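*Asks:* Below is the file work.pdb, which contains PDB, C-alpha atoms.
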ATOM      1  CA  MET A 220      -7.498   2.818 -17.704
ATOM      2  CA  MET A 221      -5.738   6.114 -17.778
ATOM      3  CA  TYR A 222      -5.366   8.729 -15.054
ATOM      4  CA  LEU A 223      -4.016  12.249 -15.463
ATOM      5  CA  LEU A 224      -2.438  14.087 -12.537
ATOM      6  CA  THR A 225      -1.675  17.755 -12.727
ATOM      7  CA  GLY A 226      -0.602  20.489 -10.314
ATOM      8  CA  GLY A 227       1.930  23.244  -9.751
ATOM      9  CA  SER A 228       5.481  23.053  -8.510
ATOM     10  CA  GLY A 229       5.903  21.200  -5.212
ATOM     11  CA  SER A 230       2.218  20.281  -5.031
ATOM     12  CA  GLY A 231       2.662  16.572  -4.271
ATOM     13  CA  LYS A 232       1.951  15.062  -7.706
ATOM     14  CA  SER A 233       4.631  12.373  -7.429
ATOM     15  CA  ALA A 234       3.621  11.216  -3.977
ATOM     16  CA  TYR A 235      -0.009  11.030  -5.052
ATOM     17  CA  GLY A 236       0.926   9.189  -8.265
ATOM     18  CA  GLU A 237       2.785   6.538  -6.290
ATOM     19  CA  LYS A 238      -0.144   6.179  -3.910
ATOM     20  CA  LYS A 239      -2.466   5.772  -6.887
ATOM     21  CA  ILE A 240      -0.252   3.067  -8.423
ATOM     22  CA  CYS A 241      -0.095   1.198  -5.108
ATOM     23  CA  SER A 242      -3.889   1.352  -4.809
ATOM     24  CA  PHE A 243      -4.099  -1.019  -7.816
ATOM     25  CA  GLY A 244      -2.685  -3.763  -5.635
ATOM     26  CA  ASP A 245       0.153  -6.168  -6.162
ATOM     27  CA  CYS A 246       1.046  -5.673  -9.838
ATOM     28  CA  ASN A 247       4.175  -5.295 -11.929
ATOM     29  CA  ARG A 248       5.016  -1.613 -11.292
ATOM     30  CA  ILE A 249       6.851   0.390 -13.918
ATOM     31  CA  TYR A 250       8.118   3.933 -13.569
ATOM     32  CA  ILE A 251       8.891   5.776 -16.802
ATOM     33  CA  ALA A 252      11.242   8.673 -16.073
ATOM     34  CA  THR A 253      11.348  11.266 -18.854
ATOM     35  CA  MET A 254      13.924  13.696 -17.507
ATOM     36  CA  GLU A 255      17.118  14.036 -19.555
ATOM     37  CA  ASN A 256      20.218  16.222 -19.223
ATOM     38  CA  LYS A 257      20.379  16.136 -15.465
ATOM     39  CA  ASP A 258      22.361  18.968 -13.921
ATOM     40  CA  GLY A 259      22.995  19.221 -10.160
ATOM     41  CA  GLU A 260      19.563  20.643  -9.402
ATOM     42  CA  SER A 261      17.642  18.079 -11.470
ATOM     43  CA  GLN A 262      19.816  15.333 -10.037
ATOM     44  CA  LYS A 263      18.686  16.352  -6.558
ATOM     45  CA  ARG A 264      15.062  16.201  -7.721
ATOM     46  CA  VAL A 265      15.650  12.729  -9.180
ATOM     47  CA  GLU A 266      17.182  11.566  -5.886
ATOM     48  CA  ARG A 267      14.205  12.908  -3.984
ATOM     49  CA  HIS A 268      11.810  11.006  -6.238
ATOM     50  CA  ARG A 269      13.905   7.827  -5.990
ATOM     51  CA  LYS A 270      13.781   8.025  -2.219
ATOM     52  CA  LEU A 271       9.989   8.380  -2.363
ATOM     53  CA  ARG A 272       9.687   5.292  -4.572
ATOM     54  CA  ARG A 273      12.152   3.131  -2.675
ATOM     55  CA  GLY A 274      10.620  -0.047  -1.353
ATOM     56  CA  LEU A 275       7.568   0.167  -3.635
ATOM     57  CA  GLY A 276       9.023  -2.314  -6.132
ATOM     58  CA  PHE A 277       9.074  -0.106  -9.227
ATOM     59  CA  THR A 278      11.127  -1.038 -12.274
ATOM     60  CA  THR A 279      12.490   2.255 -13.628
ATOM     61  CA  ILE A 280      12.741   2.892 -17.360
ATOM     62  CA  GLU A 281      14.562   6.051 -18.406
ATOM     63  CA  GLN A 282      12.923   7.218 -21.600
ATOM     64  CA  GLY A 283      13.213  10.895 -22.470
ATOM     65  CA  LYS A 284      11.894  10.502 -26.023
ATOM     66  CA  GLN A 285      10.065   8.041 -28.303
ATOM     67  CA  ILE A 286       7.820   6.460 -25.725
ATOM     68  CA  LYS A 287       6.142   4.923 -28.772
ATOM     69  CA  SER A 288       9.053   2.480 -28.986
ATOM     70  CA  LEU A 289       8.579   1.147 -25.437
ATOM     71  CA  GLN A 290       7.639  -2.458 -24.846
ATOM     72  CA  ILE A 291       6.201  -3.249 -21.442
ATOM     73  CA  PRO A 292       4.744  -6.505 -20.114
ATOM     74  CA  ARG A 293       0.984  -6.594 -20.543
ATOM     75  CA  GLY A 294      -0.961  -5.969 -17.384
ATOM     76  CA  SER A 295       1.670  -3.720 -15.790
ATOM     77  CA  VAL A 296       0.727  -0.625 -13.870
ATOM     78  CA  VAL A 297       2.689   2.339 -15.163
ATOM     79  CA  LEU A 298       3.556   5.746 -13.751
ATOM     80  CA  LEU A 299       4.933   8.185 -16.342
ATOM     81  CA  GLU A 300       6.607  11.323 -15.005
ATOM     82  CA  CYS A 301       6.434  13.857 -16.401
ATOM     83  CA  MET A 302       4.816  15.148 -19.561
ATOM     84  CA  SER A 303       6.416  18.604 -19.481
ATOM     85  CA  ASN A 304       9.905  17.096 -19.709
ATOM     86  CA  LEU A 305       8.909  14.590 -22.360
ATOM     87  CA  LEU A 306       7.451  17.359 -24.518
ATOM     88  CA  ALA A 307      10.499  19.606 -24.099
ATOM     89  CA  ASN A 308      12.778  16.689 -25.086
ATOM     90  CA  GLU A 309      10.724  15.884 -28.173
ATOM     91  CA  MET A 310      10.422  19.529 -29.231
ATOM     92  CA  TYR A 311      13.964  20.694 -28.538
ATOM     93  CA  GLY A 312      16.188  17.695 -27.858
ATOM     94  CA  GLU A 313      18.578  16.075 -30.298
ATOM     95  CA  GLY A 314      16.774  13.407 -32.285
ATOM     96  CA  GLY A 315      13.420  14.583 -30.949
ATOM     97  CA  ALA A 316      10.200  14.590 -32.934
ATOM     98  CA  GLY A 317      10.276  18.404 -33.418
ATOM     99  CA  GLU A 318       7.155  19.585 -35.193
ATOM    100  CA  ARG A 319       5.533  16.171 -34.774
ATOM    101  CA  ALA A 320       6.028  16.129 -30.989
ATOM    102  CA  VAL A 321       2.363  16.272 -29.939
ATOM    103  CA  GLN A 322       1.280  13.538 -32.336
ATOM    104  CA  GLU A 323       4.188  11.230 -31.507
ATOM    105  CA  ILE A 324       3.674  11.626 -27.757
ATOM    106  CA  LEU A 325      -0.057  10.998 -27.923
ATOM    107  CA  GLU A 326       0.417   7.898 -30.064
ATOM    108  CA  GLY A 327       2.966   6.679 -27.525
ATOM    109  CA  ILE A 328       0.664   7.351 -24.579
ATOM    110  CA  PHE A 329      -2.306   5.590 -26.139
ATOM    111  CA  ARG A 330      -0.103   2.652 -27.119
ATOM    112  CA  LEU A 331       1.207   2.406 -23.548
ATOM    113  CA  ASN A 332      -2.328   2.556 -22.271
ATOM    114  CA  ASP A 333      -3.249  -0.411 -24.484
ATOM    115  CA  MET A 334      -0.407  -2.502 -23.050
ATOM    116  CA  ALA A 335      -0.752  -1.409 -19.418
ATOM    117  CA  ALA A 336      -3.495  -2.423 -17.019
ATOM    118  CA  GLU A 337      -3.382   1.079 -15.571
ATOM    119  CA  LEU A 338      -1.482   4.156 -16.737
ATOM    120  CA  VAL A 339      -0.944   7.205 -14.533
ATOM    121  CA  VAL A 340       0.445  10.238 -16.355
ATOM    122  CA  VAL A 341       1.911  13.146 -14.395
ATOM    123  CA  THR A 342       1.801  16.503 -16.139
ATOM    124  CA  ASN A 343       2.307  20.054 -14.963
ATOM    125  CA  GLU A 344       0.096  23.021 -14.334
ATOM    126  CA  VAL A 345       2.195  25.736 -15.983
ATOM    127  CA  PHE A 346      -0.466  27.706 -17.754
ATOM    128  CA  SER A 347      -1.239  30.521 -15.312
ATOM    129  CA  ASP A 348       1.587  32.810 -16.284
ATOM    130  CA  LEU A 349       2.689  35.104 -19.084
ATOM    131  CA  PRO A 350       4.486  33.251 -21.868
ATOM    132  CA  VAL A 351       7.976  34.741 -21.928
ATOM    133  CA  ASP A 352       8.175  34.675 -25.723
ATOM    134  CA  ARG A 353       6.503  33.170 -28.787
ATOM    135  CA  GLU A 354       8.391  29.913 -28.526
ATOM    136  CA  MET A 355       7.255  29.485 -24.930
ATOM    137  CA  GLY A 356       3.731  30.200 -26.114
ATOM    138  CA  ARG A 357       4.075  27.416 -28.688
ATOM    139  CA  TYR A 358       5.357  24.989 -26.055
ATOM    140  CA  LEU A 359       2.436  25.795 -23.741
ATOM    141  CA  LYS A 360      -0.037  25.321 -26.584
ATOM    142  CA  CYS A 361       1.430  21.882 -27.309
ATOM    143  CA  LEU A 362       1.367  20.860 -23.630
ATOM    144  CA  GLY A 363      -2.205  22.095 -23.282
ATOM    145  CA  GLU A 364      -3.201  20.101 -26.348
ATOM    146  CA  ILE A 365      -1.592  16.921 -24.966
ATOM    147  CA  ASN A 366      -3.184  17.376 -21.530
ATOM    148  CA  ALA A 367      -6.621  17.884 -23.061
ATOM    149  CA  ALA A 368      -6.285  14.850 -25.356
ATOM    150  CA  ILE A 369      -5.246  12.598 -22.461
ATOM    151  CA  ALA A 370      -7.964  14.032 -20.212
ATOM    152  CA  ARG A 371     -10.617  13.191 -22.828
ATOM    153  CA  GLU A 372      -9.695   9.505 -22.615
ATOM    154  CA  ALA A 373      -8.820   9.424 -18.915
ATOM    155  CA  ALA A 374     -11.024   7.869 -16.260
ATOM    156  CA  GLU A 375      -9.916  10.511 -13.798
ATOM    157  CA  VAL A 376      -8.198  13.875 -13.955
ATOM    158  CA  VAL A 377      -6.955  15.115 -10.607
ATOM    159  CA  GLU A 378      -5.316  18.405  -9.757
ATOM    160  CA  LEU A 379      -3.053  18.281  -6.722
ATOM    161  CA  VAL A 380      -3.336  21.450  -4.664
ATOM    162  CA  TYR A 381      -0.693  21.389  -1.937
ATOM    163  CA  GLY A 382      -1.216  17.672  -1.517
ATOM    164  CA  ILE A 383      -5.013  17.858  -1.648
ATOM    165  CA  PRO A 384      -6.570  16.027  -4.602
ATOM    166  CA  VAL A 385      -9.171  18.142  -6.400
ATOM    167  CA  TRP A 386     -11.182  16.130  -8.928
ATOM    168  CA  ILE A 387     -11.467  17.722 -12.360
ATOM    169  CA  LYS A 388     -12.945  14.630 -14.004
ATOM    170  CA  GLY A 389     -14.290  11.419 -12.529
ATOM    171  CA  LEU A 390     -15.682  10.939  -9.091
ATOM    172  CA  LYS A 391     -13.741  10.625  -5.888
ATOM    173  CA  LYS A 392     -14.178   7.123  -4.556
TER     174      LYS A 392
ATOM    175  CA  MET B 718      -4.990  26.547  11.648
ATOM    176  CA  ILE B 719      -6.854  27.568   8.547
ATOM    177  CA  LEU B 720      -5.082  27.907   5.206
ATOM    178  CA  ILE B 721      -6.389  30.197   2.481
ATOM    179  CA  ILE B 722      -4.781  29.927  -0.935
ATOM    180  CA  GLY B 723      -5.407  31.266  -4.410
ATOM    181  CA  GLY B 724      -3.770  33.233  -7.201
ATOM    182  CA  ALA B 725      -2.682  36.859  -6.840
ATOM    183  CA  ASN B 726      -5.425  39.501  -6.608
ATOM    184  CA  GLN B 727      -8.270  37.029  -6.268
ATOM    185  CA  GLY B 728      -9.783  38.543  -3.125
ATOM    186  CA  LYS B 729      -8.326  36.099  -0.607
ATOM    187  CA  LYS B 730      -8.027  38.645   2.189
ATOM    188  CA  ASP B 731     -11.514  40.141   1.709
ATOM    189  CA  TYR B 732     -12.889  36.611   1.697
ATOM    190  CA  ALA B 733     -11.042  35.811   4.918
ATOM    191  CA  ILE B 734     -12.119  39.032   6.657
ATOM    192  CA  GLU B 735     -15.754  38.302   5.911
ATOM    193  CA  LYS B 736     -15.574  34.615   6.651
ATOM    194  CA  PHE B 737     -13.567  34.695   9.872
ATOM    195  CA  SER B 738     -14.163  38.250  11.203
ATOM    196  CA  VAL B 739     -10.473  38.931  11.650
ATOM    197  CA  SER B 740      -9.629  42.558  10.969
ATOM    198  CA  GLN B 741      -5.940  42.712  11.845
ATOM    199  CA  TRP B 742      -3.528  40.922   9.587
ATOM    200  CA  LEU B 743       0.217  40.646   9.638
ATOM    201  CA  ASP B 744       1.916  41.224   6.322
ATOM    202  CA  GLY B 745       4.410  38.472   5.517
ATOM    203  CA  GLY B 746       6.456  40.988   3.545
ATOM    204  CA  THR B 747       7.216  43.174   6.554
ATOM    205  CA  CYS B 748       6.429  41.391   9.851
ATOM    206  CA  SER B 749       8.986  40.002  12.300
ATOM    207  CA  LYS B 750       9.207  36.284  12.966
ATOM    208  CA  GLU B 751       8.145  36.817  16.596
ATOM    209  CA  GLU B 752       4.892  38.492  15.559
ATOM    210  CA  VAL B 753       3.829  35.363  13.689
ATOM    211  CA  PHE B 754       3.661  33.452  16.991
ATOM    212  CA  ARG B 755       0.964  35.834  18.302
ATOM    213  CA  ALA B 756      -0.965  36.896  15.195
ATOM    214  CA  LYS B 757      -4.574  35.919  14.529
ATOM    215  CA  GLY B 758      -3.910  36.057  10.832
ATOM    216  CA  ILE B 759      -1.104  36.576   8.373
ATOM    217  CA  CYS B 760      -1.420  37.484   4.729
ATOM    218  CA  HIS B 761       1.282  37.222   2.057
ATOM    219  CA  PHE B 762       2.783  34.240   3.805
ATOM    220  CA  GLU B 763       4.644  33.637   0.527
ATOM    221  CA  LEU B 764       6.700  36.795   1.152
ATOM    222  CA  LEU B 765       7.650  35.553   4.611
ATOM    223  CA  VAL B 766       8.747  32.273   3.012
ATOM    224  CA  GLU B 767      10.884  34.227   0.550
ATOM    225  CA  ARG B 768      12.520  36.218   3.353
ATOM    226  CA  LEU B 769      13.146  33.141   5.496
ATOM    227  CA  LEU B 770      14.795  31.362   2.567
ATOM    228  CA  GLN B 771      16.974  34.403   1.906
ATOM    229  CA  GLU B 772      18.177  34.501   5.508
ATOM    230  CA  GLN B 773      18.502  30.690   5.503
ATOM    231  CA  THR B 774      16.089  30.021   8.330
ATOM    232  CA  ASP B 775      14.892  26.412   8.577
ATOM    233  CA  LEU B 776      11.454  26.921   7.046
ATOM    234  CA  ARG B 777       9.941  23.650   8.189
ATOM    235  CA  LYS B 778      11.163  24.030  11.770
ATOM    236  CA  PHE B 779       9.906  27.605  11.993
ATOM    237  CA  THR B 780       6.493  26.617  10.603
ATOM    238  CA  GLU B 781       6.169  23.687  12.990
ATOM    239  CA  GLU B 782       6.923  26.001  15.933
ATOM    240  CA  VAL B 783       4.342  28.520  14.750
ATOM    241  CA  LEU B 784       1.679  25.812  14.604
ATOM    242  CA  LYS B 785       2.626  24.543  18.052
ATOM    243  CA  ILE B 786       2.520  27.953  19.739
ATOM    244  CA  ASN B 787      -0.214  29.535  17.607
ATOM    245  CA  PRO B 788      -2.445  26.643  16.483
ATOM    246  CA  ASP B 789      -5.440  28.851  15.584
ATOM    247  CA  ILE B 790      -3.648  31.150  13.143
ATOM    248  CA  ILE B 791      -5.208  31.888   9.745
ATOM    249  CA  ILE B 792      -2.638  31.844   6.960
ATOM    250  CA  ILE B 793      -3.241  33.451   3.584
ATOM    251  CA  THR B 794      -0.792  32.668   0.834
ATOM    252  CA  ASN B 795      -0.450  33.188  -2.876
ATOM    253  CA  GLU B 796      -0.719  29.972  -4.851
ATOM    254  CA  LEU B 797       2.616  30.150  -6.657
ATOM    255  CA  GLY B 798       4.104  27.570  -8.954
ATOM    256  CA  CYS B 799       1.441  27.282 -11.655
ATOM    257  CA  GLY B 800       3.534  29.096 -14.211
ATOM    258  CA  LEU B 801       6.608  28.284 -16.225
ATOM    259  CA  VAL B 802       9.782  27.241 -14.468
ATOM    260  CA  PRO B 803      11.688  30.472 -13.740
ATOM    261  CA  VAL B 804      15.153  31.021 -15.242
ATOM    262  CA  ASP B 805      16.466  32.379 -11.926
ATOM    263  CA  ALA B 806      17.763  29.658  -9.570
ATOM    264  CA  PHE B 807      16.537  31.328  -6.363
ATOM    265  CA  ALA B 808      13.075  31.855  -7.865
ATOM    266  CA  ARG B 809      12.937  28.147  -8.759
ATOM    267  CA  ARG B 810      13.914  27.175  -5.244
ATOM    268  CA  TYR B 811      11.497  29.680  -3.697
ATOM    269  CA  ARG B 812       8.441  28.421  -5.600
ATOM    270  CA  GLU B 813       9.277  24.790  -4.935
ATOM    271  CA  GLU B 814       9.999  25.320  -1.201
ATOM    272  CA  HIS B 815       6.820  27.393  -0.938
ATOM    273  CA  GLY B 816       4.908  24.500  -2.510
ATOM    274  CA  ARG B 817       6.391  21.992  -0.079
ATOM    275  CA  ILE B 818       5.716  24.103   3.008
ATOM    276  CA  CYS B 819       2.143  24.754   1.838
ATOM    277  CA  THR B 820       1.681  21.010   1.323
ATOM    278  CA  TYR B 821       2.781  20.574   4.937
ATOM    279  CA  LEU B 822       0.451  23.380   6.085
ATOM    280  CA  ALA B 823      -2.451  21.859   4.127
ATOM    281  CA  SER B 824      -1.820  18.492   5.774
ATOM    282  CA  GLN B 825      -2.006  20.116   9.226
ATOM    283  CA  ALA B 826      -4.860  22.537   8.494
ATOM    284  CA  LYS B 827      -8.343  22.097   9.868
ATOM    285  CA  GLU B 828      -9.662  23.725   6.695
ATOM    286  CA  VAL B 829      -8.167  24.731   3.355
ATOM    287  CA  HIS B 830     -10.000  27.351   1.286
ATOM    288  CA  ARG B 831      -9.121  28.154  -2.304
ATOM    289  CA  VAL B 832     -10.212  31.558  -3.596
ATOM    290  CA  MET B 833     -10.709  32.340  -7.262
ATOM    291  CA  CYS B 834     -12.421  35.495  -8.570
ATOM    292  CA  GLY B 835     -13.352  36.331  -4.994
ATOM    293  CA  ILE B 836     -15.174  33.038  -4.510
ATOM    294  CA  GLY B 837     -13.884  30.631  -1.914
ATOM    295  CA  LYS B 838     -14.142  26.870  -2.208
ATOM    296  CA  VAL B 839     -13.405  24.606   0.723
ATOM    297  CA  ILE B 840     -11.061  21.920  -0.582
ATOM    298  CA  LYS B 841     -10.377  20.412   2.827
ATOM    299  CA  GLY B 842     -12.483  20.333   5.984
TER     300      GLY B 842
END
Do you think you could lay out the structure here as C-alpha cells?
*Replies:*
Amino acid sequence: MMYLLTGGSGSGKSAYGEKKICSFGDCNRIYIATMENKDGESQKRVERHRKLRRGLGFTTIEQGKQIKSLQIPRGSVVLLECMSNLLANEMYGEGGAGERAVQEILEGIFRLNDMAAELVVVTNEVFSDLPVDREMGRYLKCLGEINAAIAREAAEVVELVYGIPVWIKGLKK
Amino acid sequence: MILIIGGANQGKKDYAIEKFSVSQWLDGGTCSKEEVFRAKGICHFELLVERLLQEQTDLRKFTEEVLKINPDIIIITNELGCGLVPVDAFARRYREEHGRICTYLASQAKEVHRVMCGIGKVIKG
C-alpha cells in the first residue's frame, strides 16, 4: 500500500514518516534519499535526518533520479524523501528526464509500490505562494500533478501541521 | 497554552477574540520579550520569532520559559512555510525555525486551532 505525506517546511514530515514505517513492524526498512548537490545547508539537513533515523535499521539508497531503475527486495517497507527534490533533479539536473519528468517519476513510484510491502512518499506543501516566474509555475504544476496521481492510489494522504497529522484521505486508525 | 495557526489574513485574531474573550493582544512585531511572560495573548508570534532569530536569542529556551511562567497564554501565529523555498538564506532559516518551534508549541498545547477563511478547526484537543 502507498501513503502520501505532505506539509510545509519544518512541519515534522520526516519524523512522522519514520514513525509510520516503524508501525509496520519488523520489516526490511529502506530509505530512498533523493537530495543531490548537497551544499553546507543541505548537508546539515541530511545530518539532522540521519540522526533521526539512527537506530531504526534503515538501509539508505541515494537516488536523485531514475527511481524506475531501482531494485529492492520484495516485501520491504520503503520511505522515499522527498518528491520535491526528485522532481527538481529530473526536470533540471544533468541526465534528468526533462520534459518527461512527471511520467518517469510516476512510473517509478508505481513500480516501487509493486515491489514494496508498504511505500511512504514524502512530498512538500509548496503551493500556497505566488510562483516567482513561469518556470516556477511549471514546476509547481508538475509537482501538483504527481501529488494528485499518488494520492489517487494511496491508502492514506496525511498533511502534517506542526507535527499534528491531519487526514486528507483515509481514516485515522 | 492554546495555539492558533493559519495563513495570513484568514481572521485568526477575530476568531480568537470571539472564542476566548481576550481583548488585549501583544503584537509579536513590536512587543518586548518581558511582556510575553505576562500577556494573555500574543498575535504575530512569527514576527517575534523573526526578531529573536535576528538577535540570536535561543528560541527554544525562550519559548520553554514562556510556557513555564505563562502556561495559559494564547499564541496566534501565521502558518508560514507552505510556499516555495525562498532564495534568501535568512528567510529559509526563519521559516524552518518557525516551523520547528511551532511543532514544539503544538506538542505542548492544550488545543491547536487552524483558521481558514475565518473558520476555525480544532486539530488538537
*Asks:* Which residues of chain A sit at most 9 Å from chain B, using all atoms listed in the file? Give each one's shortest atom pair and distance in Å (one decimal place), in chain and ascending residue order, as JSON lines.
*Replies:*
{"residue": "A:Gly226", "atom": "CA", "partner": "B:Cys799", "partner_atom": "CA", "distance": 7.2}
{"residue": "A:Gly227", "atom": "CA", "partner": "B:Cys799", "partner_atom": "CA", "distance": 4.5}
{"residue": "A:Ser228", "atom": "CA", "partner": "B:Gly798", "partner_atom": "CA", "distance": 4.7}
{"residue": "A:Gly229", "atom": "CA", "partner": "B:Gly816", "partner_atom": "CA", "distance": 4.4}
{"residue": "A:Ser230", "atom": "CA", "partner": "B:Gly816", "partner_atom": "CA", "distance": 5.6}
{"residue": "A:Gly231", "atom": "CA", "partner": "B:Thr820", "partner_atom": "CA", "distance": 7.2}
{"residue": "A:Asn343", "atom": "CA", "partner": "B:Cys799", "partner_atom": "CA", "distance": 8.0}
{"residue": "A:Glu344", "atom": "CA", "partner": "B:Cys799", "partner_atom": "CA", "distance": 5.2}
{"residue": "A:Val345", "atom": "CA", "partner": "B:Gly800", "partner_atom": "CA", "distance": 4.0}
{"residue": "A:Phe346", "atom": "CA", "partner": "B:Gly800", "partner_atom": "CA", "distance": 5.5}
{"residue": "A:Ser347", "atom": "CA", "partner": "B:Gly800", "partner_atom": "CA", "distance": 5.1}
{"residue": "A:Asp348", "atom": "CA", "partner": "B:Gly800", "partner_atom": "CA", "distance": 4.7}
{"residue": "A:Leu349", "atom": "CA", "partner": "B:Gly800", "partner_atom": "CA", "distance": 7.8}
{"residue": "A:Pro350", "atom": "CA", "partner": "B:Leu801", "partner_atom": "CA", "distance": 7.8}
{"residue": "A:Val351", "atom": "CA", "partner": "B:Leu801", "partner_atom": "CA", "distance": 8.7}
{"residue": "A:Met355", "atom": "CA", "partner": "B:Leu801", "partner_atom": "CA", "distance": 8.8}
{"residue": "A:Leu359", "atom": "CA", "partner": "B:Leu801", "partner_atom": "CA", "distance": 8.9}
{"residue": "A:Val380", "atom": "CA", "partner": "B:Thr820", "partner_atom": "CA", "distance": 7.8}
{"residue": "A:Tyr381", "atom": "CA", "partner": "B:Thr820", "partner_atom": "CA", "distance": 4.1}
{"residue": "A:Gly382", "atom": "CA", "partner": "B:Thr820", "partner_atom": "CA", "distance": 5.3}
{"residue": "A:Ile383", "atom": "CA", "partner": "B:Ile840", "partner_atom": "CA", "distance": 7.4}
{"residue": "A:Pro384", "atom": "CA", "partner": "B:Ile840", "partner_atom": "CA", "distance": 8.4}
{"residue": "A:Val385", "atom": "CA", "partner": "B:Ile840", "partner_atom": "CA", "distance": 7.2}
*Asks:* Taking the file as I've supplied it (selection: the PyMOL selection byres ((chain A and resi 223) around 6)), which residues are included? Please answer as a ChimeraX atom specification.
*Replies:* /A:222,224,339-340,376
*Asks:* For this structure, which residues satisfy the selection - the PyMOL selection byres ((chain B and resi 738-750) around 8) - when it is evaluated on the file as given? I want them as a tab-separated table (two decimals) with C-alpha atoms, in the coordinates of the input.
*Replies:*
chain	number	residue	atom	x	y	z
B	733	ALA	CA	-11.04	35.81	4.92
B	734	ILE	CA	-12.12	39.03	6.66
B	735	GLU	CA	-15.75	38.30	5.91
B	736	LYS	CA	-15.57	34.62	6.65
B	737	PHE	CA	-13.57	34.70	9.87
B	751	GLU	CA	8.14	36.82	16.60
B	752	GLU	CA	4.89	38.49	15.56
B	753	VAL	CA	3.83	35.36	13.69
B	754	PHE	CA	3.66	33.45	16.99
B	756	ALA	CA	-0.96	36.90	15.20
B	757	LYS	CA	-4.57	35.92	14.53
B	758	GLY	CA	-3.91	36.06	10.83
B	759	ILE	CA	-1.10	36.58	8.37
B	760	CYS	CA	-1.42	37.48	4.73
B	761	HIS	CA	1.28	37.22	2.06
B	762	PHE	CA	2.78	34.24	3.80
B	763	GLU	CA	4.64	33.64	0.53
B	764	LEU	CA	6.70	36.80	1.15
B	765	LEU	CA	7.65	35.55	4.61
B	766	VAL	CA	8.75	32.27	3.01
B	768	ARG	CA	12.52	36.22	3.35
*Asks:* To one decimal place, how far is atom CA of B:Ile786 from atom CA of B:Lys827 in Å?
*Replies:*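 Between atom CA of B:Ile786 and atom CA of B:Lys827 the gap is 15.8 Å.
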*Asks:* List every residue of stretch 287-391 of chain A that has an atom at most 7 Å from any atom of stretch 243-250 of chain A, giving for each one its closest atom pair and the distance in Å to one decimal, counting all atoms listed in the file, sorted by chain and then by ascending residue number, as CSV.
*Replies:*
residue,atom,partner,partner_atom,distance
A:Ser295,CA,A:Asn247,CA,4.9
A:Val296,CA,A:Arg248,CA,5.1
A:Val297,CA,A:Ile249,CA,4.8
A:Leu298,CA,A:Tyr250,CA,4.9
A:Leu299,CA,A:Tyr250,CA,6.0
*Asks:* With only C-alpha atoms as the atoms that count, which of A:Met254, A:Asp352, A:Leu338, A:Ser261 lies nearest to A:Ala307?
*Replies:*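 That would be A:Met254, the residue with the smallest distance to A:Ala307.
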*Asks:* Could you give me the centre and size, in Å to one decimal, of an axis-aligned box around all listed atoms of stretch 811-815 of chain B with 5 Å added on every side, as lines of an AutoDock Vina configuration file?
*Replies:*
center_x = 9.2
center_y = 27.2
center_z = -3.3
size_x = 14.7
size_y = 14.9
size_z = 14.7
*Asks:* Using all atoms listed in the file, which of B:Leu770, B:Ala826, B:Val804, B:Cys834 sits nearest B:Leu720?
*Replies:*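 Answer, going by the shortest atom-to-atom distance: B:Ala826.
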*Asks:* Residues at most 12 Å from stretch 263-272 of chain A, counting all atoms listed in the file, excluding those fewer than 2 positions away in the same chain, as a PDB file with C-alpha atoms, in the coordinates of the input?
*Replies:*
ATOM      1  CA  SER A 228       5.481  23.053  -8.510  1.00  0.00           C
ATOM      2  CA  GLY A 229       5.903  21.200  -5.212  1.00  0.00           C
ATOM      3  CA  GLY A 231       2.662  16.572  -4.271  1.00  0.00           C
ATOM      4  CA  LYS A 232       1.951  15.062  -7.706  1.00  0.00           C
ATOM      5  CA  SER A 233       4.631  12.373  -7.429  1.00  0.00           C
ATOM      6  CA  ALA A 234       3.621  11.216  -3.977  1.00  0.00           C
ATOM      7  CA  TYR A 235      -0.009  11.030  -5.052  1.00  0.00           C
ATOM      8  CA  GLY A 236       0.926   9.189  -8.265  1.00  0.00           C
ATOM      9  CA  GLU A 237       2.785   6.538  -6.290  1.00  0.00           C
ATOM     10  CA  LYS A 238      -0.144   6.179  -3.910  1.00  0.00           C
ATOM     11  CA  ILE A 240      -0.252   3.067  -8.423  1.00  0.00           C
ATOM     12  CA  CYS A 241      -0.095   1.198  -5.108  1.00  0.00           C
ATOM     13  CA  ARG A 248       5.016  -1.613 -11.292  1.00  0.00           C
ATOM     14  CA  ILE A 249       6.851   0.390 -13.918  1.00  0.00           C
ATOM     15  CA  TYR A 250       8.118   3.933 -13.569  1.00  0.00           C
ATOM     16  CA  ALA A 252      11.242   8.673 -16.073  1.00  0.00           C
ATOM     17  CA  THR A 253      11.348  11.266 -18.854  1.00  0.00           C
ATOM     18  CA  MET A 254      13.924  13.696 -17.507  1.00  0.00           C
ATOM     19  CA  GLU A 255      17.118  14.036 -19.555  1.00  0.00           C
ATOM     20  CA  ASN A 256      20.218  16.222 -19.223  1.00  0.00           C
ATOM     21  CA  LYS A 257      20.379  16.136 -15.465  1.00  0.00           C
ATOM     22  CA  ASP A 258      22.361  18.968 -13.921  1.00  0.00           C
ATOM     23  CA  GLY A 259      22.995  19.221 -10.160  1.00  0.00           C
ATOM     24  CA  GLU A 260      19.563  20.643  -9.402  1.00  0.00           C
ATOM     25  CA  SER A 261      17.642  18.079 -11.470  1.00  0.00           C
ATOM     26  CA  GLY A 274      10.620  -0.047  -1.353  1.00  0.00           C
ATOM     27  CA  LEU A 275       7.568   0.167  -3.635  1.00  0.00           C
ATOM     28  CA  GLY A 276       9.023  -2.314  -6.132  1.00  0.00           C
ATOM     29  CA  PHE A 277       9.074  -0.106  -9.227  1.00  0.00           C
ATOM     30  CA  THR A 278      11.127  -1.038 -12.274  1.00  0.00           C
ATOM     31  CA  THR A 279      12.490   2.255 -13.628  1.00  0.00           C
ATOM     32  CA  GLU A 281      14.562   6.051 -18.406  1.00  0.00           C
ATOM     33  CA  LEU A 298       3.556   5.746 -13.751  1.00  0.00           C
ATOM     34  CA  GLU A 300       6.607  11.323 -15.005  1.00  0.00           C
ATOM     35  CA  CYS A 301       6.434  13.857 -16.401  1.00  0.00           C
TER      36      CYS A 301
ATOM     37  CA  ARG B 810      13.914  27.175  -5.244  1.00  0.00           C
ATOM     38  CA  GLU B 813       9.277  24.790  -4.935  1.00  0.00           C
TER      39      GLU B 813
END
*Asks:* What's around B:Asn787 at 10 Å? Count all atoms listed in the file, leave out sequence neighbours fewer than 2 positions away in its own chain, and write the answer as a VMD selection string.
*Replies:* chain B and resid 718 753 to 757 781 to 785 789 to 791
